[in-house]
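Novice: This one is entry-v1.txt, compact mmCIF, C-alpha atoms.
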# COMPACT_ATOMS: atom_id res chain seq x y z
CA MET U 1 -128.38 -102.64 234.33
CA SER U 2 -127.18 -103.13 237.91
CA CYS U 3 -126.80 -100.19 240.30
CA ALA U 4 -123.09 -101.01 240.68
CA ARG U 5 -122.53 -100.63 236.94
CA ALA U 6 -124.68 -97.50 236.78
CA ARG U 7 -122.70 -95.88 239.60
CA ARG U 8 -119.40 -96.76 237.99
CA LEU U 9 -120.54 -95.02 234.81
CA LEU U 10 -122.49 -92.20 236.44
CA ASP U 11 -119.69 -89.60 236.22
CA ALA U 12 -119.04 -90.35 232.56
CA TRP U 13 -122.79 -90.06 231.99
CA VAL U 14 -122.94 -86.70 233.79
CA ASP U 15 -119.95 -85.54 231.73
CA ASP U 16 -121.57 -86.79 228.51
CA GLU U 17 -118.60 -89.02 227.75
CA LEU U 18 -120.45 -92.29 227.09
CA ASP U 19 -121.25 -93.81 223.73
CA PRO U 20 -124.94 -93.30 222.81
CA SER U 21 -126.14 -96.81 223.60
CA THR U 22 -124.51 -96.94 227.06
CA HIS U 23 -125.79 -93.42 227.69
CA ALA U 24 -129.32 -94.61 226.89
CA GLU U 25 -128.91 -97.59 229.25
CA ILE U 26 -128.08 -95.22 232.12
CA ASP U 27 -131.06 -93.02 231.19
CA ALA U 28 -133.31 -96.09 231.43
CA HIS U 29 -131.79 -97.18 234.75
CA LEU U 30 -132.15 -93.74 236.34
CA ALA U 31 -135.80 -93.60 235.28
CA GLN U 32 -136.59 -96.55 237.56
CA CYS U 33 -133.95 -96.29 240.36
CA PRO U 34 -134.49 -93.54 243.01
CA ALA U 35 -131.19 -94.32 244.80
CA CYS U 36 -129.06 -93.78 241.69
CA THR U 37 -131.16 -90.75 240.79
CA ALA U 38 -130.39 -89.26 244.21
CA LEU U 39 -126.67 -89.71 243.50
CA TRP U 40 -127.08 -88.02 240.12
CA HIS U 41 -128.80 -85.05 241.79
CA GLU U 42 -125.97 -84.85 244.28
CA ARG U 43 -123.46 -84.76 241.43
CA ALA U 44 -125.47 -82.03 239.71
CA ALA U 45 -125.59 -80.00 242.93
CA LEU U 46 -121.83 -80.39 243.37
CA ARG U 47 -121.21 -79.16 239.86
CA GLU U 48 -123.50 -76.18 240.47
CA ALA U 49 -121.68 -75.34 243.70
CA VAL U 50 -118.29 -75.53 241.98
CA LYS U 51 -119.53 -73.35 239.11
CA ALA U 52 -121.03 -70.80 241.50
CA ALA U 53 -117.79 -70.63 243.46
CA ASP U 54 -116.05 -69.28 240.33
CA LEU U 55 -112.76 -71.00 241.13
CA ARG U 56 -110.85 -70.28 237.94
CA MET U 57 -107.82 -68.12 238.61
CA ALA U 58 -106.90 -65.84 235.73
CA ALA U 59 -103.26 -65.14 234.96
CA PRO U 60 -102.02 -61.81 236.32
CA PRO U 61 -101.83 -59.21 233.53
CA SER U 62 -98.03 -59.02 233.80
CA LEU U 63 -97.54 -62.72 233.05
CA ALA U 64 -98.06 -62.56 229.28
CA ALA U 65 -95.46 -59.80 228.99
CA ASP U 66 -93.04 -61.72 231.23
CA VAL U 67 -93.47 -64.82 229.10
CA ARG U 68 -92.92 -62.96 225.84
CA ARG U 69 -89.77 -61.38 227.21
CA ALA U 70 -88.47 -64.70 228.48
CA LEU U 71 -89.16 -66.33 225.10
CA ARG U 72 -87.28 -63.63 223.24
CA THR U 73 -84.34 -63.54 225.63
CA THR U 74 -83.81 -67.21 226.25
CA SER U 75 -84.82 -68.84 223.02
CA LEU U 76 -82.50 -69.19 220.16
CA HIS U 77 -83.11 -72.27 218.05
CA ALA U 78 -82.18 -74.69 220.81
CA PRO U 79 -83.61 -77.55 222.82
CA ALA U 80 -85.37 -77.02 226.13
CA PRO U 81 -83.47 -75.74 229.13
CA ARG U 82 -82.78 -78.65 231.42
CA SER U 83 -82.93 -78.59 235.17
CA VAL U 84 -79.85 -78.47 237.33
CA ALA U 85 -79.83 -77.64 241.00
CA SER U 86 -80.60 -74.09 242.01
CA TRP U 87 -77.61 -72.23 243.12
CA TRP U 88 -76.59 -68.75 244.05
CA MET U 89 -79.80 -67.78 245.72
CA PRO U 90 -82.14 -70.14 247.48
CA ALA U 91 -85.01 -70.16 245.03
CA THR U 92 -86.23 -66.64 244.95
CA THR U 93 -89.77 -66.35 243.82
CA GLY U 94 -90.61 -64.46 240.68
CA GLY U 95 -93.13 -61.69 240.94
CA ILE U 96 -92.25 -58.10 241.58
CA GLY U 97 -88.50 -58.60 241.94
CA ALA U 98 -88.10 -60.35 238.63
CA LEU U 99 -90.37 -57.89 236.92
CA ALA U 100 -88.51 -54.90 238.33
CA GLY U 101 -85.19 -56.50 237.41
CA ALA U 102 -86.26 -57.29 233.89
CA LEU U 103 -87.71 -53.81 233.51
CA ALA U 104 -84.49 -52.22 234.73
CA VAL U 105 -82.52 -54.25 232.22
CA TYR U 106 -84.95 -53.33 229.49
CA ILE U 107 -84.66 -49.61 230.21
CA TRP U 108 -80.93 -49.90 230.47
CA LEU U 109 -80.64 -51.85 227.20
CA SER U 110 -82.79 -49.40 225.32
CA HIS U 111 -80.70 -46.47 226.54
CA ALA U 112 -77.29 -48.11 226.39
CA PRO U 113 -74.82 -46.27 224.18
CA GLN U 114 -72.94 -48.18 221.48
CA GLU U 115 -70.91 -50.67 223.46
CA ASN U 116 -67.68 -52.39 222.80
CA PRO U 117 -68.21 -56.16 222.52
CA SER U 118 -66.79 -57.10 225.93
CA ARG U 119 -69.10 -54.59 227.62
CA GLU U 120 -71.92 -55.96 225.56
CA ALA U 121 -71.06 -59.39 226.99
CA ILE U 122 -71.65 -57.92 230.47
CA THR U 123 -75.00 -56.58 229.32
CA ARG U 124 -75.97 -59.98 227.94
CA HIS U 125 -74.79 -61.62 231.17
CA VAL U 126 -76.90 -59.24 233.28
CA ALA U 127 -79.91 -59.80 231.02
CA ALA U 128 -79.52 -63.57 231.39
CA LEU U 129 -79.28 -63.22 235.17
CA ALA U 130 -82.44 -61.11 235.27
CA THR U 131 -84.36 -63.66 233.23
CA ALA U 132 -82.93 -66.54 235.23
CA ASP U 133 -84.08 -64.87 238.44
CA GLY U 134 -81.68 -66.86 240.57
CA ARG U 135 -82.28 -70.18 238.86
CA ALA U 136 -79.41 -71.84 237.11
CA GLU U 137 -81.54 -73.88 234.77
CA ARG U 138 -82.59 -70.70 233.04
CA LEU U 139 -79.02 -69.66 232.26
CA VAL U 140 -78.29 -72.74 230.19
CA GLN U 141 -79.97 -74.50 227.32
CA ILE U 142 -77.83 -77.60 227.77
CA ALA U 143 -77.21 -78.47 231.40
CA ALA U 144 -74.31 -80.84 231.96
CA ALA U 145 -71.14 -81.02 234.02
CA ASP U 146 -69.48 -83.16 231.33
CA ARG U 147 -67.57 -81.23 228.67
CA HIS U 148 -68.13 -84.15 226.27
CA VAL U 149 -71.85 -83.40 226.46
CA VAL U 150 -71.65 -79.61 226.35
CA LYS U 151 -69.12 -79.23 223.53
CA PRO U 152 -70.92 -81.43 220.96
CA TRP U 153 -74.17 -79.55 221.72
CA PHE U 154 -72.72 -76.51 219.95
CA GLN U 155 -72.04 -78.45 216.73
CA GLY U 156 -74.24 -77.16 213.96
CA LYS U 157 -75.36 -74.21 216.11
CA VAL U 158 -72.21 -72.12 215.77
CA ASP U 159 -69.63 -72.20 212.98
CA PHE U 160 -66.66 -72.57 215.31
CA SER U 161 -65.59 -74.90 218.09
CA PRO U 162 -65.83 -73.16 221.47
CA PRO U 163 -63.41 -74.20 224.21
CA VAL U 164 -65.12 -76.20 226.93
CA PRO U 165 -62.29 -77.24 229.25
CA ASP U 166 -62.77 -79.11 232.50
CA LEU U 167 -61.62 -76.60 235.12
CA ALA U 168 -62.90 -78.50 238.17
CA SER U 169 -59.35 -78.74 239.55
CA GLU U 170 -59.28 -74.92 239.54
CA GLY U 171 -62.58 -74.77 241.42
CA PHE U 172 -64.78 -73.93 238.41
CA THR U 173 -67.66 -76.34 237.98
CA LEU U 174 -69.11 -76.69 234.48
CA LEU U 175 -72.88 -76.08 234.44
CA GLY U 176 -73.62 -76.11 230.73
CA GLY U 177 -73.99 -73.84 227.75
CA ARG U 178 -76.34 -71.66 225.80
CA LEU U 179 -76.45 -69.49 222.70
CA ASP U 180 -76.51 -65.72 222.93
CA ARG U 181 -75.56 -62.75 220.73
CA VAL U 182 -72.59 -60.41 220.97
CA ASP U 183 -71.34 -57.90 218.42
CA GLY U 184 -74.14 -58.86 216.04
CA ARG U 185 -73.03 -62.49 215.94
CA VAL U 186 -74.13 -65.71 217.54
CA ALA U 187 -72.03 -66.36 220.63
CA ALA U 188 -71.48 -69.64 222.45
CA VAL U 189 -71.75 -69.13 226.19
CA ILE U 190 -70.11 -71.67 228.49
CA VAL U 191 -71.40 -71.37 232.04
CA TYR U 192 -69.32 -72.30 235.07
CA ARG U 193 -69.77 -71.75 238.77
CA ILE U 194 -67.35 -70.93 241.53
CA ARG U 195 -68.48 -70.59 245.15
CA ASN U 196 -72.08 -69.98 244.07
CA HIS U 197 -71.15 -67.28 241.55
CA PRO U 198 -71.87 -67.91 237.89
CA VAL U 199 -68.96 -67.28 235.52
CA GLU U 200 -69.85 -67.08 231.85
CA LEU U 201 -67.44 -67.37 228.96
CA PHE U 202 -68.75 -65.71 225.80
CA VAL U 203 -67.09 -66.88 222.58
CA TRP U 204 -67.78 -65.46 219.13
CA ARG U 205 -66.07 -65.13 215.75
CA SER U 206 -63.79 -62.11 215.37
CA HIS U 207 -61.41 -60.96 212.68
CA ASP U 208 -59.53 -58.68 215.06
CA SER U 209 -55.85 -59.39 215.44
CA PRO U 210 -54.92 -61.40 218.53
CA THR U 211 -54.87 -59.40 221.75
CA SER U 212 -53.65 -60.41 225.17
CA LEU U 213 -55.78 -60.68 228.24
CA ARG U 214 -57.42 -57.50 229.50
CA VAL U 215 -59.45 -57.30 232.69
CA ALA U 216 -61.92 -54.47 233.19
CA MET U 217 -64.60 -53.69 235.73
CA ASP U 218 -67.95 -52.26 234.79
CA ARG U 219 -71.12 -51.83 236.86
CA GLY U 220 -69.78 -54.20 239.51
CA PHE U 221 -69.05 -56.95 237.02
CA GLY U 222 -65.63 -57.99 235.82
CA VAL U 223 -64.86 -58.88 232.24
CA ALA U 224 -61.67 -60.59 231.12
CA SER U 225 -61.34 -60.50 227.36
CA TRP U 226 -58.89 -61.58 224.71
CA THR U 227 -58.85 -62.74 221.11
CA ASP U 228 -57.18 -65.84 219.84
CA GLN U 229 -57.27 -67.93 216.65
CA GLY U 230 -60.11 -66.00 215.06
CA LEU U 231 -62.23 -66.10 218.20
CA ALA U 232 -63.06 -63.33 220.64
CA LEU U 233 -63.47 -64.51 224.22
CA ALA U 234 -64.90 -62.65 227.19
CA ALA U 235 -65.30 -64.12 230.68
CA VAL U 236 -67.91 -62.25 232.72
CA SER U 237 -68.77 -62.59 236.40
CA ASP U 238 -69.28 -60.78 239.66
CA VAL U 239 -66.52 -62.78 241.39
CA GLU U 240 -63.39 -61.01 242.60
CA SER U 241 -61.23 -59.93 239.72
CA ARG U 242 -58.35 -62.20 240.69
CA ASP U 243 -60.70 -65.21 240.44
CA LEU U 244 -61.89 -63.99 237.09
CA GLU U 245 -58.32 -63.56 235.88
CA ARG U 246 -57.45 -67.03 237.19
CA PHE U 247 -60.40 -68.39 235.21
CA ALA U 248 -59.25 -66.62 232.04
CA ARG U 249 -55.63 -67.79 232.49
CA ALA U 250 -56.77 -71.38 233.01
CA MET U 251 -58.87 -71.08 229.88
CA GLN U 252 -55.92 -69.73 227.91
CA ALA U 253 -53.58 -72.42 229.25
CA ASP U 254 -56.05 -75.07 228.20
CA ARG U 255 -56.31 -73.62 224.70
CA ALA U 256 -52.55 -73.38 224.43
CA GLY U 257 -52.48 -77.11 225.11
CA TYR U 258 -54.31 -77.73 221.83
CA ARG U 259 -51.62 -76.18 219.71
CA MET J 1 -87.50 -70.19 209.98
CA THR J 2 -86.30 -67.29 212.08
CA ASP J 3 -86.65 -67.29 215.84
CA ASP J 4 -88.86 -64.23 215.67
CA SER J 5 -91.46 -65.80 213.40
CA ARG J 6 -91.39 -69.00 215.45
CA ILE J 7 -91.99 -67.01 218.64
CA GLU J 8 -94.81 -65.14 216.90
CA ARG J 9 -96.47 -68.37 215.80
CA PHE J 10 -96.00 -69.85 219.23
CA THR J 11 -97.51 -66.90 221.07
CA ALA J 12 -100.43 -66.75 218.64
CA THR J 13 -101.26 -70.46 219.15
CA MET J 14 -100.37 -70.98 222.79
CA LEU J 15 -100.69 -67.74 224.75
CA VAL J 16 -104.49 -67.83 224.28
CA HIS J 17 -104.23 -70.69 226.79
CA LEU J 18 -102.18 -68.69 229.27
CA ASP J 19 -105.10 -68.31 231.70
CA ALA J 20 -105.74 -72.06 231.57
CA ALA J 21 -102.03 -72.71 232.10
CA TYR J 22 -101.87 -70.37 235.06
CA ASN J 23 -105.08 -71.74 236.57
CA LEU J 24 -103.84 -75.34 236.38
CA SER J 25 -100.48 -74.27 237.74
CA ARG J 26 -102.04 -72.44 240.70
CA TRP J 27 -104.20 -75.45 241.54
CA ILE J 28 -101.23 -77.82 241.42
CA VAL J 29 -98.50 -75.80 243.15
CA GLY J 30 -100.68 -73.41 245.18
CA ASP J 31 -98.22 -70.57 245.57
CA ARG J 32 -98.75 -67.64 243.21
CA ALA J 33 -95.12 -66.82 242.42
CA LEU J 34 -94.21 -70.48 241.99
CA ALA J 35 -97.16 -70.87 239.62
CA GLU J 36 -95.99 -67.92 237.51
CA ASP J 37 -92.46 -69.31 237.36
CA ALA J 38 -93.75 -72.74 236.36
CA VAL J 39 -95.86 -71.26 233.54
CA GLN J 40 -92.89 -69.28 232.28
CA ASP J 41 -90.63 -72.34 232.35
CA ALA J 42 -93.32 -74.37 230.62
CA CYS J 43 -93.59 -71.78 227.83
CA LEU J 44 -89.84 -71.98 227.19
CA LYS J 45 -90.01 -75.77 227.03
CA ALA J 46 -93.11 -75.66 224.86
CA LEU J 47 -91.48 -73.27 222.40
CA CYS J 48 -88.62 -75.74 221.85
CA ALA J 49 -90.96 -78.67 221.22
CA PHE J 50 -93.61 -76.60 219.46
CA GLU J 51 -92.99 -77.99 215.95
CA SER J 52 -93.38 -81.59 217.05
CA ARG J 53 -96.51 -81.27 219.19
CA THR J 54 -98.95 -84.17 219.30
CA GLY J 55 -102.16 -85.14 221.07
CA PRO J 56 -105.85 -84.36 220.88
CA SER J 57 -105.53 -80.55 221.01
CA ALA J 58 -102.98 -77.74 221.25
CA LYS J 59 -104.38 -76.80 224.64
CA ALA J 60 -104.00 -80.35 225.98
CA TRP J 61 -100.42 -80.54 224.65
CA PHE J 62 -99.53 -77.24 226.31
CA LEU J 63 -101.21 -78.11 229.61
CA ALA J 64 -99.35 -81.44 229.70
CA ILE J 65 -96.07 -79.48 229.66
CA VAL J 66 -97.39 -77.07 232.28
CA ARG J 67 -98.41 -79.95 234.53
CA ASN J 68 -95.00 -81.65 234.24
CA THR J 69 -93.23 -78.40 235.03
CA CYS J 70 -95.47 -77.87 238.06
CA LEU J 71 -94.80 -81.35 239.41
CA ASP J 72 -91.05 -80.78 238.92
CA ALA J 73 -91.33 -77.49 240.79
CA LEU J 74 -93.13 -79.20 243.67
CA ARG J 75 -90.52 -81.96 243.77
CA SER J 76 -87.62 -79.53 243.84
CA ARG J 77 -89.33 -77.49 246.54
CA ARG J 78 -89.85 -80.61 248.62
CA ARG J 79 -86.18 -81.48 248.20
CA ARG J 80 -85.38 -78.13 249.78
CA GLY J 81 -87.64 -79.07 252.67
CA ILE J 82 -90.41 -76.57 251.99
CA GLU J 83 -93.88 -77.87 252.69
CA ASP J 84 -96.56 -77.56 250.05
CA GLU J 85 -99.19 -75.10 250.97
CA PHE J 86 -101.71 -72.92 249.30
CA ASP J 87 -101.49 -69.23 249.86
CA GLU J 88 -104.74 -68.22 251.40
CA GLU J 89 -105.82 -65.56 249.05
CA VAL J 90 -109.09 -63.79 249.73
CA HIS J 91 -111.02 -64.03 246.52
CA ARG J 92 -113.23 -61.26 245.41
CA ASP J 93 -116.81 -62.24 244.87
CA ALA J 94 -118.07 -61.60 241.40
CA ASP J 95 -121.60 -60.82 242.56
CA SER J 96 -123.14 -57.54 241.51
CA GLY J 97 -124.82 -55.07 243.81
CA THR J 98 -128.33 -56.51 243.39
CA ALA J 99 -127.88 -59.21 246.05
CA THR J 100 -128.21 -58.33 249.71
CA PRO J 101 -124.96 -57.99 251.65
CA GLU J 102 -125.89 -61.11 253.63
CA ALA J 103 -126.42 -63.11 250.45
CA VAL J 104 -123.12 -61.89 249.04
CA ALA J 105 -121.31 -62.80 252.24
CA GLU J 106 -122.97 -66.21 252.31
CA ARG J 107 -122.06 -66.87 248.68
CA ALA J 108 -118.47 -65.76 249.29
CA SER J 109 -118.14 -67.96 252.32
CA GLN J 110 -119.53 -70.95 250.38
CA ALA J 111 -117.09 -70.28 247.55
CA ARG J 112 -114.18 -70.14 250.00
CA TRP J 113 -115.33 -73.35 251.61
CA ILE J 114 -115.61 -75.20 248.27
CA ARG J 115 -112.21 -73.89 247.23
CA ALA J 116 -110.66 -75.11 250.46
CA GLN J 117 -112.18 -78.55 250.00
CA ILE J 118 -110.75 -78.90 246.49
CA GLU J 119 -107.38 -77.65 247.72
CA ARG J 120 -107.41 -80.40 250.33
CA LEU J 121 -107.86 -83.14 247.73
CA PRO J 122 -104.79 -85.20 246.81
CA VAL J 123 -103.24 -83.77 243.63
CA ASP J 124 -104.29 -86.82 241.54
CA TYR J 125 -107.95 -85.99 242.14
CA ARG J 126 -107.52 -82.23 242.32
CA GLU J 127 -105.96 -81.93 238.86
CA VAL J 128 -108.64 -83.97 237.07
CA ILE J 129 -111.41 -82.01 238.80
CA VAL J 130 -109.80 -78.70 237.81
CA LEU J 131 -109.31 -79.84 234.21
CA ARG J 132 -112.89 -81.11 233.95
CA GLU J 133 -114.93 -78.59 235.95
CA LEU J 134 -112.91 -75.42 235.41
CA GLU J 135 -111.26 -76.00 232.03
CA GLU J 136 -114.06 -78.18 230.63
CA MET J 137 -111.62 -80.55 228.97
CA SER J 138 -112.77 -83.91 227.54
CA TYR J 139 -111.70 -87.20 229.14
CA LYS J 140 -109.50 -87.82 226.13
CA GLU J 141 -107.72 -84.50 226.60
CA ILE J 142 -107.36 -85.04 230.35
CA SER J 143 -105.97 -88.49 229.64
CA ALA J 144 -103.31 -86.92 227.37
CA ILE J 145 -102.43 -84.28 229.97
CA VAL J 146 -102.25 -86.55 233.00
CA LYS J 147 -100.86 -89.48 230.99
CA VAL J 148 -103.23 -92.12 232.29
CA PRO J 149 -105.88 -94.14 230.39
CA VAL J 150 -109.36 -92.64 229.91
CA GLY J 151 -110.77 -95.24 232.32
CA THR J 152 -108.44 -93.96 235.04
CA VAL J 153 -109.53 -90.38 234.34
CA MET J 154 -113.12 -91.51 234.86
CA SER J 155 -112.40 -93.33 238.12
CA ARG J 156 -110.28 -90.46 239.52
CA LEU J 157 -113.03 -87.96 238.72
CA ALA J 158 -115.59 -90.23 240.38
CA ARG J 159 -113.39 -90.69 243.46
CA GLY J 160 -112.61 -86.97 243.72
CA ARG J 161 -116.27 -86.04 243.44
CA ASP J 162 -117.18 -88.72 246.01
CA LEU J 163 -114.74 -87.14 248.46
CA LEU J 164 -116.17 -83.67 247.85
CA ALA J 165 -119.78 -84.90 248.09
CA THR J 166 -119.02 -86.64 251.39
CA ARG J 167 -117.61 -83.44 252.86
CA ILE J 168 -120.54 -81.40 251.61
CA ARG J 169 -122.95 -83.84 253.23
CA ALA J 170 -121.04 -83.64 256.52
CA GLU J 171 -120.95 -79.85 256.36
CA ALA J 172 -124.69 -79.67 255.63
CA LYS J 173 -125.30 -81.80 258.74
CA ARG J 174 -123.00 -79.56 260.81
CA ARG J 175 -124.69 -76.31 259.88
CA PRO J 176 -128.26 -77.01 258.97
CA GLY J 177 -130.16 -74.51 256.90
Output the file's structure as structure tokens, nothing else.
Specialist:
Amino acid sequence: MSCARARRLLDAWVDDELDPSTHAEIDAHLAQCPACTALWHERAALREAVKAADLRMAAPPSLAADVRRALRTTSLHAPAPRSVASWWMPATTGGIGALAGALAVYIWLSHAPQENPSREAITRHVAALATADGRAERLVQIAAADRHVVKPWFQGKVDFSPPVPDLASEGFTLLGGRLDRVDGRVAAVIVYRIRNHPVELFVWRSHDSPTSLRVAMDRGFGVASWTDQGLALAAVSDVESRDLERFARAMQADRAGYR
Amino acid sequence: MTDDSRIERFTATMLVHLDAAYNLSRWIVGDRALAEDAVQDACLKALCAFESRTGPSAKAWFLAIVRNTCLDALRSRRRRGIEDEFDEEVHRDADSGTATPEAVAERASQARWIRAQIERLPVDYREVIVLRELEEMSYKEISAIVKVPVGTVMSRLARGRDLLATRIRAEAKRRPG
């Protein structure tokens, strides 16, 4: 065997990745070639130095808990969250802030009194924001600005057809959708954005008789809720209440157009 | 199957590799918080694709997702004009009290130096070295994670080690003894 071939295969030999006969050829070559043997010893010394340096970085103890929480909160039986551009905060980093936020939400959830469904939608919205930690891609499971992509995504996941109107002319950009839970039922959540604020429309099945639009404030969030055609709808956001009402009215106008 | 039982099965199979995921993530993206975020994102993606996983091992399949997520995170950070850099963490030395303080200090300074050299490697070489030397993955597994042929894994490992060996030789010349 030539030195060139031996050197090309030396790393695989050191890593014990060669087939037995090639491995034996290298053994034989090293036995009679001091130059290649010197290289082997250098490789061995390098490996020793790397081992001694103990370079493996273990996950911080909080990470497993964070991951479990994120899995429970974000996952319903849906495809992977897709990336869209970051938005309302320039990429905050995770760490303490996210942990504290998630913990606060956890404590709050576990102590929350029985809520009416529209207040529960606020709670779900806040929980989603805490998990998303300023990153839009974590709010949605299907990221798309095209209603003809978002609306079909809900087929087979919910037993109703949620409204997904294009409200770009009103200043509301469609970001995508996800599944959540409100009032013990699966809810479709359609996520929009206006001036860097997320606006989420929660839609779930309801047998309540139709009610007209009601806007309420709670914990700094606004919720505009109404029921219509067997569906309960609640728009939640931290935008000014007149923007939220404008969003809800546009949504209602769009639905009226279907009749 | 309910979501809960799927999450349980996922955590039982995959979260044993959380340290490996975090280690790879730290070595690719550098920054601690970014690494944690990338691992969390990767877990969410992995849960969705969990039933259809392929490849030589569960660990390799999971690390492939982690690696992709890390590279995406780096790309999006670069788009925002933030330079890649490693946070210079001072690493505790694992040595026990039997060694002399001088020996401990010497060992710690060597470890820091080696770490810095690997951090300086281009990511193509850095990731295969981390997967081989720290995670002790086979070439076949590394090939599945990095998505290059086994021959390329071998040549990248060789090239990365050559670069490290060259620097070690130069350093040995600079401070003899």
Novice: Could you state the separation of atom CA of Val223 of chain U and atom CA of Val203 of chain U in Å, given to one decimal place?
Specialist: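 Answer for the atom CA of Val223 of chain U to atom CA of Val203 of chain U separation: 12.7 Å.
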Novice: Between chain J and chain U, at 7 Å or less, what are the per-residue closest atom pairs and their distances in Å? Count only C-alpha atoms, order by chain and rising residue number, and return it as JSON lines.
Specialist:
{"residue": "J:Asp3", "atom": "CA", "partner": "U:Leu76", "partner_atom": "CA", "distance": 6.3}
{"residue": "J:Leu18", "atom": "CA", "partner": "U:Ala59", "partner_atom": "CA", "distance": 6.8}
{"residue": "J:Asp19", "atom": "CA", "partner": "U:Ala59", "partner_atom": "CA", "distance": 4.9}
{"residue": "J:Tyr22", "atom": "CA", "partner": "U:Ala59", "partner_atom": "CA", "distance": 5.4}
{"residue": "J:Asn23", "atom": "CA", "partner": "U:Met57", "partner_atom": "CA", "distance": 5.0}
{"residue": "J:Ala33", "atom": "CA", "partner": "U:Gly94", "partner_atom": "CA", "distance": 5.4}
{"residue": "J:Leu34", "atom": "CA", "partner": "U:Thr93", "partner_atom": "CA", "distance": 6.3}
{"residue": "J:Asp37", "atom": "CA", "partner": "U:Gly94", "partner_atom": "CA", "distance": 6.2}
{"residue": "J:Gln40", "atom": "CA", "partner": "U:Val67", "partner_atom": "CA", "distance": 5.5}
{"residue": "J:Leu44", "atom": "CA", "partner": "U:Leu71", "partner_atom": "CA", "distance": 6.1}
{"residue": "J:Lys45", "atom": "CA", "partner": "U:Ala80", "partner_atom": "CA", "distance": 4.9}
{"residue": "J:Cys48", "atom": "CA", "partner": "U:Pro79", "partner_atom": "CA", "distance": 5.4}
{"residue": "J:Ala111", "atom": "CA", "partner": "U:Ala53", "partner_atom": "CA", "distance": 4.2}
{"residue": "J:Ile114", "atom": "CA", "partner": "U:Val50", "partner_atom": "CA", "distance": 6.8}
{"residue": "J:Arg115", "atom": "CA", "partner": "U:Leu55", "partner_atom": "CA", "distance": 6.8}
{"residue": "J:Leu134", "atom": "CA", "partner": "U:Arg56", "partner_atom": "CA", "distance": 6.1}
{"residue": "J:Met154", "atom": "CA", "partner": "U:Ala12", "partner_atom": "CA", "distance": 6.5}
{"residue": "J:Ala158", "atom": "CA", "partner": "U:Asp11", "partner_atom": "CA", "distance": 5.9}
{"residue": "J:Ala165", "atom": "CA", "partner": "U:Leu46", "partner_atom": "CA", "distance": 6.8}
Novice: Quick one: write out the picked residues with C-alpha atoms as a PDB file, in the frame of the given file?
Specialist:
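Dumped to part_4.pdb:
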ATOM      1  CA  ASP J   3     -86.650 -67.290 215.840  1.00  0.00           C
ATOM      2  CA  LEU J  18    -102.180 -68.690 229.270  1.00  0.00           C
ATOM      3  CA  ASP J  19    -105.100 -68.310 231.700  1.00  0.00           C
ATOM      4  CA  TYR J  22    -101.870 -70.370 235.060  1.00  0.00           C
ATOM      5  CA  ASN J  23    -105.080 -71.740 236.570  1.00  0.00           C
ATOM      6  CA  ALA J  33     -95.120 -66.820 242.420  1.00  0.00           C
ATOM      7  CA  LEU J  34     -94.210 -70.480 241.990  1.00  0.00           C
ATOM      8  CA  ASP J  37     -92.460 -69.310 237.360  1.00  0.00           C
ATOM      9  CA  GLN J  40     -92.890 -69.280 232.280  1.00  0.00           C
ATOM     10  CA  LEU J  44     -89.840 -71.980 227.190  1.00  0.00           C
ATOM     11  CA  LYS J  45     -90.010 -75.770 227.030  1.00  0.00           C
ATOM     12  CA  CYS J  48     -88.620 -75.740 221.850  1.00  0.00           C
ATOM     13  CA  ALA J 111    -117.090 -70.280 247.550  1.00  0.00           C
ATOM     14  CA  ILE J 114    -115.610 -75.200 248.270  1.00  0.00           C
ATOM     15  CA  ARG J 115    -112.210 -73.890 247.230  1.00  0.00           C
ATOM     16  CA  LEU J 134    -112.910 -75.420 235.410  1.00  0.00           C
ATOM     17  CA  MET J 154    -113.120 -91.510 234.860  1.00  0.00           C
ATOM     18  CA  ALA J 158    -115.590 -90.230 240.380  1.00  0.00           C
ATOM     19  CA  ALA J 165    -119.780 -84.900 248.090  1.00  0.00           C
TER      20      ALA J 165
END
Novice: Go through U:Leu231, U:Ile26, U:Leu139, U:Val149 and flag the residue nearest Val189 of chain U, using only C-alpha atoms for the distances.
Specialist: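 Among the listed residues, U:Leu139 lies closest to Val189 of chain U.
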Novice: If you measure from atom CA of Arg249 of chain U to atom CA of Ala127 of chain U, what distance in Å do you get, rounded to one decimal?
Specialist: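 Atom CA of Ala127 of chain U lies 25.6 Å from atom CA of Arg249 of chain U.
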Novice: Rank nothing, just name the residue among J:Arg156, J:Ala42, J:Asp31, J:Ser5 nearest to Val130 of chain J, using only C-alpha atoms.
Specialist: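 Once distances to Val130 of chain J are computed over only C-alpha atoms, the minimum belongs to J:Arg156.
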Novice: Nearest residue to Ile122 of chain U out of U:Cys36, U:Leu201, U:Leu213, U:Ala253, using only C-alpha atoms?
Specialist: U:Leu201
Novice: In Å, rounded to a single decimal, give me how far atom CA of Ala58 of chain J is from atom CA of Met14 of chain J.
Specialist: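 Computed distance, atom CA of Met14 of chain J to atom CA of Ala58 of chain J, equals 7.4 Å.
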Novice: Would you kindly return, as a short mmCIF file (atom, residue, chain, number, x, y, z; two decimals) with C-alpha atoms, in the coordinates of the input, each protein, DNA or RNA residue with an atom no farther than 9 Å from any atom of Phe160 of chain U, considering all atoms listed in the file and excluding same-chain residues fewer than 6 positions away?
Specialist:
data_model
loop_
_atom_site.label_atom_id
_atom_site.label_comp_id
_atom_site.auth_asym_id
_atom_site.auth_seq_id
_atom_site.Cartn_x
_atom_site.Cartn_y
_atom_site.Cartn_z
CA PHE U 154 -72.72 -76.51 219.95
CA TRP U 204 -67.78 -65.46 219.13
CA ARG U 205 -66.07 -65.13 215.75
CA LEU U 231 -62.23 -66.10 218.20
#
